[in-house]
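Okay, coords_16.cif is below, mmCIF, C-alpha atoms:
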data_data
#
loop_
_atom_site.label_atom_id
_atom_site.label_comp_id
_atom_site.auth_asym_id
_atom_site.auth_seq_id
_atom_site.Cartn_x
_atom_site.Cartn_y
_atom_site.Cartn_z
CA MET A 1 48.63 -52.14 36.35
CA ALA A 2 45.40 -50.68 37.65
CA ASP A 3 47.08 -47.31 38.22
CA GLU A 4 48.25 -47.26 34.62
CA LEU A 5 44.71 -47.88 33.37
CA ASP A 6 43.36 -45.11 35.54
CA ARG A 7 45.92 -42.64 34.22
CA ARG A 8 45.09 -43.54 30.61
CA LEU A 9 41.37 -43.19 31.29
CA ASP A 10 41.83 -39.78 32.92
CA ALA A 11 43.99 -38.62 30.04
CA ALA A 12 41.35 -39.72 27.47
CA VAL A 13 38.55 -37.97 29.38
CA ASN A 14 40.54 -34.75 29.69
CA GLU A 15 41.42 -34.82 26.00
CA ALA A 16 37.77 -35.33 25.00
CA PHE A 17 36.64 -32.51 27.33
CA ASP A 18 39.28 -30.15 25.92
CA GLU A 19 38.19 -30.90 22.34
CA TYR A 20 34.49 -30.37 23.21
CA PHE A 21 35.24 -27.13 25.05
CA GLU A 22 37.33 -25.79 22.15
CA GLU A 23 34.67 -26.65 19.57
CA THR A 24 31.94 -24.99 21.66
CA TYR A 25 34.05 -21.87 22.23
CA ASN A 26 34.91 -21.56 18.53
CA SER A 27 31.24 -21.97 17.59
CA ILE A 28 30.18 -19.18 19.96
CA VAL A 29 32.90 -16.85 18.66
CA GLU A 30 31.97 -17.52 15.04
CA ASN A 31 28.28 -16.83 15.70
CA ARG A 32 29.03 -13.55 17.41
CA THR A 33 31.37 -12.32 14.72
CA ALA A 34 29.16 -13.42 11.81
CA LYS A 35 27.63 -10.58 9.82
CA LYS A 36 23.94 -9.97 10.51
CA LYS A 37 21.62 -10.33 7.56
CA LYS A 38 20.36 -7.01 6.29
CA ARG A 39 16.74 -6.34 5.44
CA ALA A 40 16.06 -6.87 1.76
CA TYR A 41 16.29 -3.56 -0.09
CA VAL A 42 14.53 -2.99 -3.37
CA GLU A 43 15.47 0.05 -5.43
CA ARG A 44 12.04 1.13 -6.60
CA ASN A 45 13.12 4.38 -8.30
CA ARG A 46 10.54 6.47 -6.47
CA GLU A 47 11.38 9.54 -8.52
CA ALA A 48 10.15 7.77 -11.66
CA GLY A 49 6.95 6.87 -9.82
CA HIS A 50 6.30 10.50 -8.93
CA ASN A 51 7.04 11.68 -12.48
CA ARG A 52 4.68 9.08 -13.93
CA LEU A 53 1.91 10.08 -11.54
CA TRP A 54 2.43 13.77 -12.27
CA ASN A 55 2.38 13.29 -16.04
CA ASP A 56 -0.71 11.06 -15.87
CA TYR A 57 -2.94 13.35 -13.78
CA PHE A 58 -1.45 16.67 -12.67
CA SER A 59 0.60 18.13 -15.52
CA GLU A 60 -0.70 20.83 -17.86
CA ASP A 61 -1.39 18.17 -20.50
CA PRO A 62 -2.21 15.02 -18.46
CA THR A 63 -2.53 11.59 -19.98
CA PHE A 64 -5.93 10.99 -18.38
CA PRO A 65 -8.70 13.57 -18.99
CA PRO A 66 -10.71 15.02 -16.07
CA HIS A 67 -13.53 12.46 -16.22
CA LEU A 68 -11.08 9.56 -15.90
CA SER A 69 -9.18 11.35 -13.15
CA ARG A 70 -12.50 11.77 -11.34
CA ARG A 71 -13.18 8.07 -11.77
CA HIS A 72 -9.77 6.92 -10.52
CA PHE A 73 -9.62 9.26 -7.51
CA ARG A 74 -13.39 9.27 -6.80
CA MET A 75 -13.29 13.08 -6.67
CA ASN A 76 -12.48 16.07 -8.84
CA LYS A 77 -8.90 17.24 -9.02
CA GLU A 78 -9.50 20.44 -7.01
CA VAL A 79 -10.89 18.45 -4.08
CA PHE A 80 -7.96 16.04 -4.10
CA MET A 81 -5.41 18.85 -4.36
CA ARG A 82 -7.06 20.64 -1.44
CA ILE A 83 -6.57 17.51 0.66
CA VAL A 84 -2.97 17.12 -0.52
CA ASP A 85 -2.06 20.74 0.22
CA THR A 86 -3.70 20.69 3.66
CA LEU A 87 -2.02 17.43 4.70
CA SER A 88 1.34 18.61 3.39
CA ALA A 89 1.10 21.83 5.40
CA ASN A 90 -0.04 20.25 8.68
CA VAL A 91 1.10 16.61 8.89
CA PRO A 92 4.88 15.97 8.97
CA PHE A 93 4.45 12.48 7.50
CA PHE A 94 3.22 13.96 4.20
CA GLN A 95 5.99 16.54 3.88
CA GLN A 96 8.62 15.53 1.33
CA ARG A 97 12.10 15.53 2.88
CA ARG A 98 15.60 14.45 1.97
CA ASP A 99 17.32 11.45 3.46
CA ALA A 100 20.87 11.24 4.84
CA VAL A 101 22.43 11.26 1.37
CA GLY A 102 20.32 14.18 0.15
CA ARG A 103 17.90 12.12 -1.92
CA LEU A 104 14.27 13.22 -1.92
CA GLY A 105 11.79 10.85 -0.32
CA LEU A 106 8.31 9.97 -1.50
CA SER A 107 6.22 12.94 -2.58
CA THR A 108 2.96 14.01 -0.97
CA LEU A 109 1.12 13.09 -4.16
CA GLN A 110 2.45 9.54 -4.05
CA LYS A 111 1.47 9.02 -0.41
CA CYS A 112 -2.03 10.53 -0.74
CA THR A 113 -2.68 8.66 -3.99
CA ALA A 114 -1.69 5.37 -2.36
CA ALA A 115 -4.14 5.98 0.50
CA ILE A 116 -6.97 7.04 -1.84
CA ARG A 117 -6.47 3.98 -4.07
CA MET A 118 -6.63 1.64 -1.09
CA LEU A 119 -9.83 3.32 0.13
CA ALA A 120 -11.43 3.54 -3.31
CA TYR A 121 -10.60 0.08 -4.61
CA GLY A 122 -10.29 -1.83 -1.34
CA SER A 123 -7.05 -3.28 -2.65
CA ALA A 124 -4.16 -4.89 -0.80
CA ALA A 125 -1.38 -2.67 0.51
CA ASP A 126 1.14 -3.87 -2.09
CA ALA A 127 -1.21 -3.35 -5.05
CA VAL A 128 0.09 0.20 -5.60
CA ASP A 129 3.75 -0.85 -5.49
CA GLU A 130 4.31 -1.24 -9.22
CA TYR A 131 2.71 2.10 -10.19
CA LEU A 132 3.52 4.42 -7.29
CA ARG A 133 6.72 2.69 -6.16
CA LEU A 134 5.72 2.24 -2.50
CA GLY A 135 6.36 -0.83 -0.41
CA GLU A 136 3.62 -2.61 1.52
CA SER A 137 4.56 -1.25 4.94
CA THR A 138 4.84 2.28 3.55
CA SER A 139 1.40 2.01 1.95
CA LEU A 140 -0.12 0.94 5.27
CA SER A 141 1.57 3.89 6.98
CA CYS A 142 0.14 6.18 4.29
CA LEU A 143 -3.37 4.85 4.91
CA THR A 144 -3.11 5.22 8.69
CA ASN A 145 -1.70 8.74 8.58
CA PHE A 146 -4.10 9.77 5.81
CA THR A 147 -7.22 8.73 7.73
CA GLU A 148 -5.99 10.35 10.94
CA GLY A 149 -5.05 13.55 9.10
CA VAL A 150 -8.39 13.78 7.27
CA ILE A 151 -10.32 13.31 10.52
CA GLN A 152 -8.20 15.87 12.37
CA LEU A 153 -8.16 18.54 9.67
CA PHE A 154 -11.57 18.14 8.02
CA GLY A 155 -13.70 16.39 10.62
CA ASP A 156 -15.00 19.52 12.34
CA GLU A 157 -16.29 20.89 9.05
CA TYR A 158 -17.56 17.78 7.29
CA LEU A 159 -18.89 15.81 10.28
CA ARG A 160 -20.56 18.81 11.87
CA ARG A 161 -24.07 19.11 13.17
CA PRO A 162 -26.33 21.15 10.88
CA THR A 163 -25.89 24.88 11.38
CA PRO A 164 -28.97 27.16 11.37
CA GLU A 165 -28.31 27.88 7.68
CA ASP A 166 -28.04 24.16 6.93
CA LEU A 167 -31.23 23.45 8.85
CA GLN A 168 -33.15 26.14 6.97
CA ARG A 169 -32.05 24.68 3.64
CA LEU A 170 -33.04 21.17 4.75
CA LEU A 171 -36.40 22.41 5.97
CA ASP A 172 -37.05 24.19 2.67
CA ILE A 173 -36.25 21.04 0.69
CA GLY A 174 -38.47 19.00 3.00
CA GLU A 175 -41.33 21.42 2.51
CA VAL A 176 -40.99 21.25 -1.28
CA ARG A 177 -41.13 17.45 -1.05
CA GLY A 178 -44.32 17.56 1.03
CA PHE A 179 -42.80 17.02 4.48
CA PRO A 180 -42.56 20.34 6.37
CA GLY A 181 -40.20 19.92 9.33
CA MET A 182 -38.33 16.95 7.83
CA ILE A 183 -34.53 17.26 7.95
CA GLY A 184 -33.37 13.87 6.70
CA SER A 185 -33.70 10.08 6.87
CA ILE A 186 -32.14 7.78 9.45
CA ASP A 187 -31.14 4.12 9.13
CA CYS A 188 -28.36 1.64 9.89
CA MET A 189 -25.96 -0.41 7.77
CA HIS A 190 -23.59 -3.24 8.69
CA TRP A 191 -19.90 -3.57 7.78
CA GLU A 192 -18.59 -7.12 7.87
CA TRP A 193 -15.57 -7.61 10.14
CA LYS A 194 -13.64 -10.52 8.64
CA ASN A 195 -10.81 -10.64 11.19
CA CYS A 196 -12.92 -10.07 14.28
CA PRO A 197 -11.15 -11.55 17.34
CA THR A 198 -12.50 -14.97 18.21
CA ALA A 199 -13.46 -13.89 21.72
CA TRP A 200 -15.72 -11.15 20.28
CA LYS A 201 -17.40 -13.10 17.48
CA GLY A 202 -20.43 -14.03 19.53
CA GLN A 203 -21.03 -10.38 20.36
CA TYR A 204 -20.64 -9.13 16.78
CA THR A 205 -22.24 -11.97 14.80
CA ARG A 206 -25.83 -11.60 13.60
CA GLY A 207 -28.15 -13.90 11.64
CA SER A 208 -25.86 -14.00 8.59
CA GLY A 209 -23.26 -15.87 10.62
CA LYS A 210 -20.56 -13.24 10.06
CA PRO A 211 -19.44 -10.58 12.55
CA THR A 212 -20.39 -7.01 11.62
CA ILE A 213 -20.10 -3.48 12.97
CA VAL A 214 -23.06 -1.11 12.75
CA LEU A 215 -23.13 2.39 11.28
CA GLU A 216 -26.11 4.61 12.13
CA ALA A 217 -26.41 7.56 9.76
CA ILE A 218 -28.69 10.45 8.84
CA ALA A 219 -28.61 11.63 5.23
CA SER A 220 -30.37 14.38 3.34
CA GLN A 221 -31.58 14.52 -0.27
CA ASP A 222 -28.17 15.63 -1.60
CA LEU A 223 -26.60 12.52 0.07
CA TRP A 224 -24.74 14.55 2.70
CA ILE A 225 -24.33 12.42 5.83
CA TRP A 226 -25.14 14.66 8.81
CA HIS A 227 -24.79 12.11 11.57
CA ALA A 228 -22.58 9.03 11.78
CA PHE A 229 -22.48 6.76 14.83
CA PHE A 230 -20.16 3.82 14.19
CA GLY A 231 -19.10 1.00 16.46
CA PRO A 232 -22.05 -0.93 17.98
CA PRO A 233 -21.79 -4.71 17.55
CA GLY A 234 -23.72 -6.35 14.76
CA THR A 235 -26.06 -8.25 17.07
CA LEU A 236 -27.90 -4.99 17.84
CA ASN A 237 -30.90 -3.94 15.77
CA ASP A 238 -31.78 -0.35 14.89
CA ILE A 239 -33.66 0.25 18.16
CA ASN A 240 -30.76 -0.96 20.33
CA VAL A 241 -28.34 1.21 18.36
CA LEU A 242 -30.68 4.19 18.78
CA ASP A 243 -30.59 3.73 22.58
CA ARG A 244 -26.79 4.13 22.48
CA SER A 245 -26.72 6.84 19.83
CA PRO A 246 -25.99 10.53 20.55
CA VAL A 247 -28.38 11.64 17.78
CA PHE A 248 -30.61 13.64 20.16
CA ASP A 249 -27.93 14.82 22.61
CA ASP A 250 -27.96 18.39 21.27
CA ILE A 251 -31.71 18.60 21.89
CA TYR A 252 -31.45 17.13 25.39
CA GLN A 253 -28.61 19.50 26.31
CA GLY A 254 -30.28 22.60 24.88
CA ARG A 255 -27.71 23.24 22.14
CA ALA A 256 -29.87 22.54 19.09
CA PRO A 257 -31.36 25.41 17.05
CA ARG A 258 -35.07 25.94 17.67
CA VAL A 259 -37.22 24.85 14.73
CA THR A 260 -40.86 25.74 14.11
CA TYR A 261 -43.03 24.66 11.20
CA MET A 262 -46.68 24.52 10.24
CA VAL A 263 -48.61 21.48 9.02
CA ASN A 264 -52.27 22.01 8.17
CA GLY A 265 -52.38 25.16 10.26
CA LEU A 266 -50.86 23.55 13.38
CA GLN A 267 -47.41 24.51 14.70
CA TYR A 268 -44.77 21.99 15.75
CA ASP A 269 -41.45 22.64 17.49
CA LEU A 270 -39.35 19.54 16.83
CA ALA A 271 -37.98 18.53 13.43
CA TYR A 272 -38.28 14.87 12.49
CA TYR A 273 -36.63 12.15 10.42
CA LEU A 274 -38.18 9.65 8.04
CA THR A 275 -37.58 6.03 9.08
CA ASP A 276 -38.55 2.47 8.30
CA GLY A 277 -41.01 0.50 10.38
CA ILE A 278 -38.65 -0.75 13.11
CA TYR A 279 -38.13 2.66 14.70
CA PRO A 280 -40.38 3.66 17.64
CA LYS A 281 -43.36 5.97 17.22
CA TRP A 282 -41.76 9.14 18.56
CA SER A 283 -42.55 12.71 17.62
CA THR A 284 -39.13 12.87 15.89
CA PHE A 285 -39.73 9.82 13.66
CA ILE A 286 -42.27 9.41 10.86
CA GLN A 287 -42.74 5.90 9.42
CA SER A 288 -44.65 4.69 6.42
CA ILE A 289 -48.00 2.89 6.62
CA THR A 290 -47.61 -0.88 6.39
CA LEU A 291 -51.05 -1.69 4.98
CA PRO A 292 -52.45 1.59 3.67
CA GLN A 293 -56.24 1.76 3.49
CA GLY A 294 -57.63 4.36 1.13
CA SER A 295 -56.14 6.74 -1.42
CA LYS A 296 -54.70 9.20 1.11
CA ALA A 297 -52.86 6.56 3.09
CA ALA A 298 -51.58 4.86 -0.08
CA LEU A 299 -50.26 8.14 -1.47
CA PHE A 300 -48.57 9.00 1.84
CA ALA A 301 -46.91 5.57 2.01
CA LYS A 302 -45.68 5.94 -1.58
CA VAL A 303 -44.20 9.41 -1.04
CA GLN A 304 -42.72 8.59 2.37
CA GLU A 305 -41.02 5.44 1.16
CA ALA A 306 -39.63 7.23 -1.89
CA THR A 307 -38.31 10.09 0.24
CA ARG A 308 -36.87 7.83 2.93
CA LYS A 309 -34.60 6.21 0.35
CA ASP A 310 -32.18 9.15 0.69
CA VAL A 311 -30.26 7.37 3.44
CA GLU A 312 -30.26 4.09 1.50
CA ARG A 313 -28.87 5.93 -1.52
CA ALA A 314 -26.22 7.51 0.68
CA PHE A 315 -25.13 4.07 1.92
CA GLY A 316 -24.99 2.76 -1.64
CA VAL A 317 -22.97 5.70 -2.94
CA LEU A 318 -20.58 5.52 0.04
CA GLN A 319 -19.88 1.85 -0.65
CA ALA A 320 -19.60 2.42 -4.40
CA ARG A 321 -17.08 5.23 -3.94
CA PHE A 322 -15.00 3.48 -1.32
CA ALA A 323 -14.85 -0.27 -1.84
CA ILE A 324 -12.93 -0.70 1.41
CA VAL A 325 -16.27 -0.06 3.19
CA LYS A 326 -18.08 -2.53 0.93
CA ASN A 327 -15.54 -5.32 1.34
CA PRO A 328 -15.04 -7.10 4.67
CA ALA A 329 -12.81 -5.18 7.10
CA LEU A 330 -9.43 -6.88 7.38
CA SER A 331 -7.92 -5.08 10.38
CA LEU A 332 -7.88 -6.62 13.84
CA ASP A 333 -8.02 -3.18 15.45
CA LYS A 334 -11.56 -1.84 15.80
CA GLU A 335 -10.25 1.68 16.37
CA LYS A 336 -8.48 1.65 12.99
CA ILE A 337 -11.64 0.38 11.33
CA GLY A 338 -13.58 3.23 12.90
CA LYS A 339 -11.08 5.78 11.61
CA ILE A 340 -11.36 4.37 8.09
CA MET A 341 -15.15 4.67 8.22
CA ARG A 342 -15.03 8.25 9.54
CA ALA A 343 -12.46 9.27 6.92
CA CYS A 344 -14.58 7.77 4.12
CA ILE A 345 -17.66 9.68 5.33
CA ILE A 346 -15.68 12.93 5.47
CA LEU A 347 -14.36 12.39 1.94
CA HIS A 348 -17.88 11.50 0.81
CA ASN A 349 -19.24 14.77 2.20
CA MET A 350 -16.42 16.73 0.56
CA ILE A 351 -17.35 15.19 -2.78
CA VAL A 352 -21.03 15.95 -2.18
CA GLU A 353 -20.23 19.59 -1.40
CA ASN A 354 -18.22 19.86 -4.61
CA GLU A 355 -20.73 18.13 -6.90
CA ARG A 356 -24.23 18.49 -5.46
CA GLY A 357 -24.99 21.52 -7.62
CA GLY A 358 -25.14 19.16 -10.56
CA TYR A 359 -27.78 16.80 -9.18
CA THR A 360 -29.91 18.72 -6.68
CA LEU A 361 -33.45 18.26 -7.99
CA TYR A 362 -35.47 20.62 -5.82
CA ASP A 363 -35.68 24.36 -6.37
CA THR A 364 -35.95 26.35 -3.13
CA SER A 365 -35.34 29.76 -4.67
CA LYS A 366 -38.95 30.80 -4.00
CA PHE A 367 -38.22 30.65 -0.27
CA GLU A 368 -35.15 32.87 -0.67
CA GLU A 369 -37.20 35.68 -2.17
CA GLY A 370 -39.23 36.23 0.99
CA GLU A 371 -40.73 34.67 4.07
CA SER A 372 -44.38 34.82 2.98
CA SER A 373 -44.59 31.29 1.53
CA ARG A 374 -42.22 29.58 3.98
CA SER A 375 -43.84 27.66 6.82
CA SER A 376 -40.62 26.26 8.35
CA HIS A 377 -38.26 28.50 10.31
CA VAL A 378 -35.05 28.19 12.29
CA GLU A 379 -35.26 30.76 15.05
CA HIS A 380 -32.23 30.66 17.33
CA ILE A 381 -29.85 28.49 19.31
CA ASN A 382 -31.36 27.28 22.54
CA ASN A 383 -29.52 28.37 25.66
CA MET A 384 -31.66 26.36 28.07
CA PRO A 385 -29.68 25.14 31.11
CA SER A 386 -29.08 21.42 30.76
CA HIS A 387 -30.10 20.39 34.28
CA PHE A 388 -31.88 17.11 34.86
CA GLY A 389 -35.42 18.50 34.87
CA ASN A 390 -35.06 20.15 31.47
CA MET A 391 -33.35 17.10 29.98
CA LEU A 392 -36.13 14.82 31.21
CA GLY A 393 -38.81 17.15 29.81
CA LEU A 394 -37.08 17.35 26.42
CA ARG A 395 -36.65 13.60 26.38
CA ASN A 396 -40.36 13.12 26.97
CA GLN A 397 -41.10 15.65 24.23
CA VAL A 398 -38.87 13.78 21.75
CA ARG A 399 -40.59 10.46 22.58
CA ASP A 400 -44.18 11.74 22.68
CA ARG A 401 -46.45 9.23 20.89
CA HIS A 402 -49.50 11.51 20.85
CA THR A 403 -47.58 14.22 18.99
CA HIS A 404 -46.35 11.53 16.59
CA GLU A 405 -49.87 10.37 15.75
CA ALA A 406 -51.21 13.91 15.31
CA LEU A 407 -48.24 14.97 13.16
CA LYS A 408 -48.50 11.86 10.98
CA ASN A 409 -52.23 12.43 10.37
CA ASN A 410 -51.58 16.05 9.42
CA LEU A 411 -48.77 15.01 7.09
CA ILE A 412 -51.11 12.53 5.38
CA GLU A 413 -53.50 15.39 4.70
CA ASN A 414 -50.66 17.67 3.59
CA ILE A 415 -49.33 15.08 1.11
CA TRP A 416 -52.81 14.56 -0.27
CA ASN A 417 -53.41 18.31 -0.69
CA LYS A 418 -50.05 18.76 -2.38
CA PHE A 419 -49.83 15.69 -4.62
CA GLY A 420 -53.34 14.25 -4.68
CA ASN A 421 -54.05 15.51 -8.19
CA ASP A 422 -50.56 14.86 -9.54
CA GLU A 423 -50.59 11.78 -11.73
CA ASP A 424 -46.77 11.59 -11.87
CA VAL A 425 -46.36 10.90 -8.13
#
For this file, write the structure as structure tokens.
Amino acid sequence: MADELDRRLDAAVNEAFDEYFEETYNSIVENRTAKKKKRAYVERNREAGHNRLWNDYFSEDPTFPPHLSRRHFRMNKEVFMRIVDTLSANVPFFQQRRDAVGRLGLSTLQKCTAAIRMLAYGSAADAVDEYLRLGESTSLSCLTNFTEGVIQLFGDEYLRRPTPEDLQRLLDIGEVRGFPGMIGSIDCMHWEWKNCPTAWKGQYTRGSGKPTIVLEAIASQDLWIWHAFFGPPGTLNDINVLDRSPVFDDIYQGRAPRVTYMVNGLQYDLAYYLTDGIYPKWSTFIQSITLPQGSKAALFAKVQEATRKDVERAFGVLQARFAIVKNPALSLDKEKIGKIMRACIILHNMIVENERGGYTLYDTSKFEEGESSRSSHVEHINNMPSHFGNMLGLRNQVRDRHTHEALKNNLIENIWNKFGNDEDV
């Protein structure tokens, strides 16, 4: 009797095991043979997007006139087409090609327009989908490749140090404005970093409570940005950023052109920048006077503060042209943020080069007629060996406080002699 029960129990267990094994096996086979889900495909009709863009802006009779095209692209058509042609010729990503079935891909105009719209309006990646017929991931690829291409192809020209010809023009403008030897204004701005990694927030957060990245820049009267140092954390002030900045490296290493200028009959050999009060009293920085005493000091403070606003204007125009720089940065990658900033500055300088003839306010033609009235000169490129002794001597010359005080006093007299009787100043 007991043996019979054991046999029945073994038979029931074996039957249950066989059923479980068969169900498990069938489930595995079904999962392996099931069709994988394909990525969602949306037929955007990219050809219609290109035709619409072409008819709106680039045809012989465009829908939008030049002033609206300038507003939408932040630049004149010839500047944009120069960028498009250069990227198309040198960057494979922007070359229009056919796919496996012979259908043309996105055009260079569509890709460049998507990148420009994201920079200009600070919009989300999918905001251009309905008009240009680009998906979100494609728009992000356009932005990344566009910024890298602009930096690679235009960076050497539009982020260059001033050439001797550039320096002479800047010196002439500075002399007309009452500051012989002045070649620009220097200051810093902060770009909020919304998605800063949590581990870095303490390093990048300043008094506002939000993490920021610092841009140090030098700008001239025409709003051209001659120097851009981007990347220091937002906790640093202007002096700390200056200690890290390469702004004087060309002077220290003997590569900078030699500049001479006269102020009240005295010759100086180092050009200078106008700054606000936080910068140190070096021979290369001229600040305003906090509490001016007397007419001469008050006039100097008024003219210096008005002239120093060039760099503030440059920051404002840069943010107005490219809202992506005005809005908080959304990327987690600091390197990508830096490339966006550099690309925006390059595009800004390209626009300035194209349009500055329409708003340059100072006439330097009298200096072009002869050298008799010009007190500022660019002589030659220094070829001084950059060994430690020379670098230390040049560093001490750049940071000389006595030269700073003497130069500032002479500039006060020069401003008074030039504008003291002018009621409009």
Polymer residues at most 12 Å from (-41.6, 10.8, 22.0) by only C-alpha atoms, as a PyMOL selection string: chain A and resi 248+270+272+279-286+392-405+407
message: Between A:Leu318, A:Val241, A:Leu132, A:Val259, which residue has the minimum interatomic distance to Met350 of chain A, considering all atoms listed in the file?
response: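 That would be A:Leu318, the residue with the smallest distance to Met350 of chain A.
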task: Check the smallest atom-to-atom distance from each of A:Gln253, A:Ser185, A:Ser295, A:Ser288 to Met391 of chain A using only C-alpha atoms, then report the winner.
output: A:Gln253
- prompt: Using the chain letters and numbers from the file, which residues does the PyMOL selection byres ((chain A and resi 172) around 12) grab, as a PyMOL selection string?
  reply: chain A and resi 165-171+173-184+220-221+261+362-368+371+373-378
query: Is there a way to get, as a list of chain:residue names, all residues within 9 Å of the point (-20.6, 16.0, 2.5) in file coordinates, counting only C-alpha atoms?
result: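 All residues meeting the 9 Å criterion around (-20.6, 16.0, 2.5) are A:Tyr158, A:Leu159, A:Asp222, A:Leu223, A:Trp224, A:Ile225, A:Trp226, A:Ile345, A:Ile346, A:Leu347, A:His348, A:Asn349, A:Met350, A:Ile351, A:Val352, A:Glu353, A:Asn354.
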field: Separation of atom CA of Arg308 of chain A from atom CA of Leu274 of chain A in Å
entry: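 Pair atom CA of Leu274 of chain A / atom CA of Arg308 of chain A returns 5.6 Å.
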message: Translate the PyMOL selection byres ((chain A and resi 148) around 12) into a concrete residue list for this structure, as a PyMOL selection string.
response: chain A and resi 87+90-91+93-94+115+141-147+149-155+335-344+346
query: Could you name the residues that touch segment 50-53 of chain A at 12 Å or less, counting all atoms listed in the file, but leaving out those on the same chain fewer than 4 positions away, as an MDAnalysis selection string?
result: chainID A and resid 44:46 57:59 62:64 69 96 104:114 128 130:134
Could the residues in this selection be saved with C-alpha atoms as a compact mmCIF listing (two decimals), in the frame of the given file?
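selection-v2.txt written:
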# COMPACT_ATOMS: atom_id res chain seq x y z
CA ARG A 44 12.04 1.13 -6.60
CA ASN A 45 13.12 4.38 -8.30
CA ARG A 46 10.54 6.47 -6.47
CA TYR A 57 -2.94 13.35 -13.78
CA PHE A 58 -1.45 16.67 -12.67
CA SER A 59 0.60 18.13 -15.52
CA PRO A 62 -2.21 15.02 -18.46
CA THR A 63 -2.53 11.59 -19.98
CA PHE A 64 -5.93 10.99 -18.38
CA SER A 69 -9.18 11.35 -13.15
CA GLN A 96 8.62 15.53 1.33
CA LEU A 104 14.27 13.22 -1.92
CA GLY A 105 11.79 10.85 -0.32
CA LEU A 106 8.31 9.97 -1.50
CA SER A 107 6.22 12.94 -2.58
CA THR A 108 2.96 14.01 -0.97
CA LEU A 109 1.12 13.09 -4.16
CA GLN A 110 2.45 9.54 -4.05
CA LYS A 111 1.47 9.02 -0.41
CA CYS A 112 -2.03 10.53 -0.74
CA THR A 113 -2.68 8.66 -3.99
CA ALA A 114 -1.69 5.37 -2.36
CA VAL A 128 0.09 0.20 -5.60
CA GLU A 130 4.31 -1.24 -9.22
CA TYR A 131 2.71 2.10 -10.19
CA LEU A 132 3.52 4.42 -7.29
CA ARG A 133 6.72 2.69 -6.16
CA LEU A 134 5.72 2.24 -2.50
Non-local contacts of Trp200 of chain A (12 Å; all atoms listed in the file; under 6 positions in same chain excluded) as an mmCIF file with C-alpha atoms, in the coordinates of the input:
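Output contents, as saved in result_1.cif:
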data_model
loop_
_atom_site.group_PDB
_atom_site.id
_atom_site.type_symbol
_atom_site.label_atom_id
_atom_site.label_comp_id
_atom_site.auth_asym_id
_atom_site.auth_seq_id
_atom_site.Cartn_x
_atom_site.Cartn_y
_atom_site.Cartn_z
ATOM 1 C CA TRP A 193 -15.570 -7.610 10.140
ATOM 2 C CA LYS A 194 -13.640 -10.520 8.640
ATOM 3 C CA LYS A 210 -20.560 -13.240 10.060
ATOM 4 C CA PRO A 211 -19.440 -10.580 12.550
ATOM 5 C CA THR A 212 -20.390 -7.010 11.620
ATOM 6 C CA ILE A 213 -20.100 -3.480 12.970
ATOM 7 C CA PRO A 233 -21.790 -4.710 17.550
ATOM 8 C CA GLY A 234 -23.720 -6.350 14.760
ATOM 9 C CA THR A 235 -26.060 -8.250 17.070
ATOM 10 C CA LEU A 332 -7.880 -6.620 13.840
ATOM 11 C CA LYS A 334 -11.560 -1.840 15.800
#
message: Could you tell me how far atom CA of Cys188 of chain A sits from atom CA of Leu215 of chain A, in Å to one decimal place?
response: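 Separation between atom CA of Leu215 of chain A and atom CA of Cys188 of chain A: 5.5 Å.
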Selection near Ile186 of chain A, 9 Å with only C-alpha atoms, sequence-local residues under 5 positions removed, as a PDB file with C-alpha atoms, keeping the file's coordinate frame:
ATOM      1  CA  GLU A 216     -26.110   4.610  12.130  1.00  0.00           C
ATOM      2  CA  ALA A 217     -26.410   7.560   9.760  1.00  0.00           C
ATOM      3  CA  ILE A 218     -28.690  10.450   8.840  1.00  0.00           C
ATOM      4  CA  ALA A 219     -28.610  11.630   5.230  1.00  0.00           C
ATOM      5  CA  HIS A 227     -24.790  12.110  11.570  1.00  0.00           C
ATOM      6  CA  TYR A 273     -36.630  12.150  10.420  1.00  0.00           C
ATOM      7  CA  LEU A 274     -38.180   9.650   8.040  1.00  0.00           C
ATOM      8  CA  THR A 275     -37.580   6.030   9.080  1.00  0.00           C
ATOM      9  CA  ASP A 276     -38.550   2.470   8.300  1.00  0.00           C
ATOM     10  CA  PHE A 285     -39.730   9.820  13.660  1.00  0.00           C
ATOM     11  CA  ARG A 308     -36.870   7.830   2.930  1.00  0.00           C
ATOM     12  CA  ASP A 310     -32.180   9.150   0.690  1.00  0.00           C
ATOM     13  CA  VAL A 311     -30.260   7.370   3.440  1.00  0.00           C
ATOM     14  CA  GLU A 312     -30.260   4.090   1.500  1.00  0.00           C
TER      15      GLU A 312
END
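From atom CA of Gly135 of chain A back to atom CA of Asn55 of chain A, the distance works out to 21.4 Å.
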query: Could you spell out the hits of the PyMOL selection byres ((chain A and resi 264-266) around 9) on the shown file, as a PyMOL selection string?
result: chain A and resi 261-263+267-268+407+410-411+413-414
message: Could you check the closest approach to Asn390 of chain A for each of A:Ala271, A:Phe21, A:Tyr252, A:Gly358 and tell me which residue wins, using all atoms listed in the file?
response: A:Tyr252
- prompt: Of the candidates A:Arg7, A:Val247, A:Glu78, A:Ala120, which one gets nearest to Val317 of chain A if we count only C-alpha atoms?
  reply: A:Ala120
field: Nearest residue to His72 of chain A from the set A:Asp56, A:Asp250, A:Glu192, A:Asp99 (distances using only C-alpha atoms)
entry: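 Smallest distance to His72 of chain A is found for A:Asp56.
Checking A:Ala89, A:Ile116, A:Ile289, A:Val214 one by one against Arg74 of chain A, counting only C-alpha atoms, you find the shortest gap at A:Ile116.
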Could the centre and edge lengths of an axis-aligned box, enclosing all atoms of segment 42-56 of chain A in the file with 6 Å extra on each side, be given in Å to one decimal as AutoDock Vina command-line options?
--center_x 7.4 --center_y 5.4 --center_z -9.7 --size_x 28.2 --size_y 28.8 --size_z 24.7
